[in-house]
Amino acid sequence: MARLKRLYPDSARTFHRVVLAGLGALVKARHEGKVGDDLFRELVEKGEELEALGAEAPRDPGRSEEFQNEPSLADEGREILAYAAVLEHLVRECRTFERMIDAMLPDTPLPTPPAVLQARRNAEAREKLIRDFGVLSSVDVASLAGSRAKNKASLANRWKQEGRIFSVPHRGSIYFPSFQFDAEGHPRKAVAGVVKALGAKISEWGLGLWFTAGNGWLADRRPVDLLESDPQRVVEAAEREAMELVF
């Protein structure tokens with residue numbers, strides 16, 4: 001290549017520019033999810049142009065015999081054409097690979113912008129619930145209640161089966177929002193009434209967020225703020241909301 005630059009500095013620079021441009025265009029096209037047939041068209045056109053120029057250009061009789069055998073512009077044009085063929089093969093392989101990925105993807109519709117926005121809001125609300133009130137594992141529930149059972153998870157599981165408390169899934173584990181428990185670690189009575197009214201109608205997280213959101217039946221107060229002072233009113237609000245969910 002050093003000898004080529006010395007003999008044909010312009011053609012060598014052209015070759016490098018085309019090579020770099022081809023690589024850059026290929027990387028950009030792959031990054032953007034495009035294949036870019038213009039890349040090959042440009043490389044082929046450049047190669048054919050260079051090859052034609054080399055074929056038309058007469059050899060310099062003043063050059064030494066040693067350099068008469070150096071690559072010509074036509075040779076460089078053919079190299080570019082070969083390079084374009086290699087790139088075309090690579091992109092064909094990429095297309096095949098993309099088709100394989102598409103075939104493995106589940107046939108589900110893409111989420112709409114409103115759905116994405118709602119999912120983000122729900123995630124933020126869940127994080128706020130955990131941050132503001134905290135959650136307990138089944139072992140934490142047993143410790144808070146002073147349980148001496150060998151199976152530390154049994155107490156929380158029994159209370160859940162009895163409908164006295166509820167759990168929420170979080171990062172592959174089950175937790176219990178701590179506002180369900182009084183100072184002695186026992187379930188608050190109002191929670192059972194809310195679970196009975198709404199537990200089968202909304203999701204576990206929906207139930208948790210119901211407690212922590214303003215409620216029209218409670219003059220926009222949060223049910224969680226009335227669990228101790230006015231538990232019956234909280235249960236009534238849940239029952240009224242359950243009636244609305246039916247219709």
# chains A, B, ... in the order shown; residues from 1 in each chain; ligands from 1
$ residues_around --residues "stretch 122-125 of chain A" --least-positions-apart "2" --cutoff "10 Å" --atoms "only C-alpha atoms" --output "list in words"
Val116, Leu117, Gln118, Ala119, Arg120, Glu127, Lys128, Leu129, Ile130, Arg131, Trp205, Gly206, Gly208, Leu209, Thr212 and Ala213 of chain A
$ select_by_dssp --residues "stretch 95-205 of chain A" --states "strand (DSSP E)" --output "ChimeraX atom specification"
/A:135-136,168-170,173-177
$ write_last_selection --atoms "all heavy atoms" --output "PDB file, in the first residue's frame"
ATOM      1  N   VAL A 135     -42.736  -2.225  53.040  1.00  0.00           N
ATOM      2  CA  VAL A 135     -43.346  -3.544  52.860  1.00  0.00           C
ATOM      3  C   VAL A 135     -42.590  -4.548  53.728  1.00  0.00           C
ATOM      4  O   VAL A 135     -41.422  -4.356  54.051  1.00  0.00           O
ATOM      5  CB  VAL A 135     -43.320  -3.984  51.384  1.00  0.00           C
ATOM      6  CG1 VAL A 135     -44.260  -3.141  50.550  1.00  0.00           C
ATOM      7  CG2 VAL A 135     -41.914  -3.952  50.809  1.00  0.00           C
ATOM      8  N   LEU A 136     -43.288  -5.621  54.096  1.00  0.00           N
ATOM      9  CA  LEU A 136     -42.718  -6.634  54.974  1.00  0.00           C
ATOM     10  C   LEU A 136     -42.696  -7.985  54.274  1.00  0.00           C
ATOM     11  O   LEU A 136     -43.630  -8.327  53.537  1.00  0.00           O
ATOM     12  CB  LEU A 136     -43.549  -6.747  56.256  1.00  0.00           C
ATOM     13  CG  LEU A 136     -43.769  -5.469  57.072  1.00  0.00           C
ATOM     14  CD1 LEU A 136     -44.762  -5.725  58.187  1.00  0.00           C
ATOM     15  CD2 LEU A 136     -42.447  -4.963  57.629  1.00  0.00           C
ATOM     16  N   VAL A 168     -48.309  -8.122  47.749  1.00  0.00           N
ATOM     17  CA  VAL A 168     -48.016  -7.568  46.427  1.00  0.00           C
ATOM     18  C   VAL A 168     -46.715  -8.188  45.923  1.00  0.00           C
ATOM     19  O   VAL A 168     -45.785  -8.397  46.700  1.00  0.00           O
ATOM     20  CB  VAL A 168     -47.885  -6.021  46.463  1.00  0.00           C
ATOM     21  CG1 VAL A 168     -49.214  -5.374  46.794  1.00  0.00           C
ATOM     22  CG2 VAL A 168     -46.814  -5.578  47.453  1.00  0.00           C
ATOM     23  N   PRO A 169     -46.650  -8.506  44.630  1.00  0.00           N
ATOM     24  CA  PRO A 169     -45.398  -9.039  44.078  1.00  0.00           C
ATOM     25  C   PRO A 169     -44.418  -7.895  43.793  1.00  0.00           C
ATOM     26  O   PRO A 169     -44.810  -6.829  43.328  1.00  0.00           O
ATOM     27  CB  PRO A 169     -45.845  -9.712  42.784  1.00  0.00           C
ATOM     28  CG  PRO A 169     -47.059  -8.924  42.358  1.00  0.00           C
ATOM     29  CD  PRO A 169     -47.733  -8.486  43.629  1.00  0.00           C
ATOM     30  N   HIS A 170     -43.154  -8.153  44.075  1.00  0.00           N
ATOM     31  CA  HIS A 170     -42.139  -7.134  43.799  1.00  0.00           C
ATOM     32  C   HIS A 170     -40.813  -7.821  43.544  1.00  0.00           C
ATOM     33  O   HIS A 170     -40.255  -8.482  44.417  1.00  0.00           O
ATOM     34  CB  HIS A 170     -42.014  -6.171  44.979  1.00  0.00           C
ATOM     35  CG  HIS A 170     -40.998  -5.083  44.777  1.00  0.00           C
ATOM     36  ND1 HIS A 170     -41.104  -4.146  43.765  1.00  0.00           N
ATOM     37  CD2 HIS A 170     -39.846  -4.792  45.448  1.00  0.00           C
ATOM     38  CE1 HIS A 170     -40.077  -3.317  43.832  1.00  0.00           C
ATOM     39  NE2 HIS A 170     -39.299  -3.691  44.832  1.00  0.00           N
ATOM     40  N   SER A 173     -40.506 -11.552  44.394  1.00  0.00           N
ATOM     41  CA  SER A 173     -40.837 -11.972  45.759  1.00  0.00           C
ATOM     42  C   SER A 173     -42.200 -11.408  46.165  1.00  0.00           C
ATOM     43  O   SER A 173     -42.746 -10.542  45.486  1.00  0.00           O
ATOM     44  CB  SER A 173     -39.759 -11.504  46.748  1.00  0.00           C
ATOM     45  OG  SER A 173     -38.503 -12.086  46.424  1.00  0.00           O
ATOM     46  N   ILE A 174     -42.722 -11.911  47.272  1.00  0.00           N
ATOM     47  CA  ILE A 174     -44.014 -11.477  47.790  1.00  0.00           C
ATOM     48  C   ILE A 174     -43.803 -10.658  49.052  1.00  0.00           C
ATOM     49  O   ILE A 174     -43.055 -11.061  49.959  1.00  0.00           O
ATOM     50  CB  ILE A 174     -44.907 -12.697  48.101  1.00  0.00           C
ATOM     51  CG1 ILE A 174     -45.193 -13.488  46.824  1.00  0.00           C
ATOM     52  CG2 ILE A 174     -46.209 -12.253  48.761  1.00  0.00           C
ATOM     53  CD1 ILE A 174     -45.945 -12.696  45.775  1.00  0.00           C
ATOM     54  N   TYR A 175     -44.457  -9.498  49.099  1.00  0.00           N
ATOM     55  CA  TYR A 175     -44.349  -8.622  50.262  1.00  0.00           C
ATOM     56  C   TYR A 175     -45.745  -8.186  50.717  1.00  0.00           C
ATOM     57  O   TYR A 175     -46.715  -8.242  49.961  1.00  0.00           O
ATOM     58  CB  TYR A 175     -43.506  -7.400  49.934  1.00  0.00           C
ATOM     59  CG  TYR A 175     -42.058  -7.720  49.630  1.00  0.00           C
ATOM     60  CD1 TYR A 175     -41.615  -7.895  48.320  1.00  0.00           C
ATOM     61  CD2 TYR A 175     -41.127  -7.851  50.661  1.00  0.00           C
ATOM     62  CE1 TYR A 175     -40.295  -8.198  48.045  1.00  0.00           C
ATOM     63  CE2 TYR A 175     -39.799  -8.150  50.387  1.00  0.00           C
ATOM     64  CZ  TYR A 175     -39.389  -8.326  49.084  1.00  0.00           C
ATOM     65  OH  TYR A 175     -38.090  -8.625  48.824  1.00  0.00           O
ATOM     66  N   PHE A 176     -45.792  -7.714  51.968  1.00  0.00           N
ATOM     67  CA  PHE A 176     -47.041  -7.270  52.557  1.00  0.00           C
ATOM     68  C   PHE A 176     -46.904  -5.795  52.941  1.00  0.00           C
ATOM     69  O   PHE A 176     -46.041  -5.456  53.768  1.00  0.00           O
ATOM     70  CB  PHE A 176     -47.363  -8.101  53.799  1.00  0.00           C
ATOM     71  CG  PHE A 176     -47.472  -9.579  53.518  1.00  0.00           C
ATOM     72  CD1 PHE A 176     -46.340 -10.387  53.520  1.00  0.00           C
ATOM     73  CD2 PHE A 176     -48.697 -10.160  53.227  1.00  0.00           C
ATOM     74  CE1 PHE A 176     -46.428 -11.740  53.252  1.00  0.00           C
ATOM     75  CE2 PHE A 176     -48.795 -11.513  52.951  1.00  0.00           C
ATOM     76  CZ  PHE A 176     -47.659 -12.307  52.959  1.00  0.00           C
ATOM     77  N   PRO A 177     -47.713  -4.907  52.347  1.00  0.00           N
ATOM     78  CA  PRO A 177     -47.647  -3.496  52.734  1.00  0.00           C
ATOM     79  C   PRO A 177     -47.829  -3.348  54.246  1.00  0.00           C
ATOM     80  O   PRO A 177     -48.757  -3.923  54.831  1.00  0.00           O
ATOM     81  CB  PRO A 177     -48.805  -2.865  51.959  1.00  0.00           C
ATOM     82  CG  PRO A 177     -48.942  -3.741  50.741  1.00  0.00           C
ATOM     83  CD  PRO A 177     -48.661  -5.124  51.235  1.00  0.00           C
TER      84      PRO A 177
END
$ closest_residue --among "A:Leu198, A:Ile101, A:Leu155, A:Val139" --to "A:Glu241" --atoms "only C-alpha atoms"
A:Leu198
$ atom_distance --atom1 "atom CA of A:Lys201" --atom2 "atom CA of A:Leu245"
7.5 Å
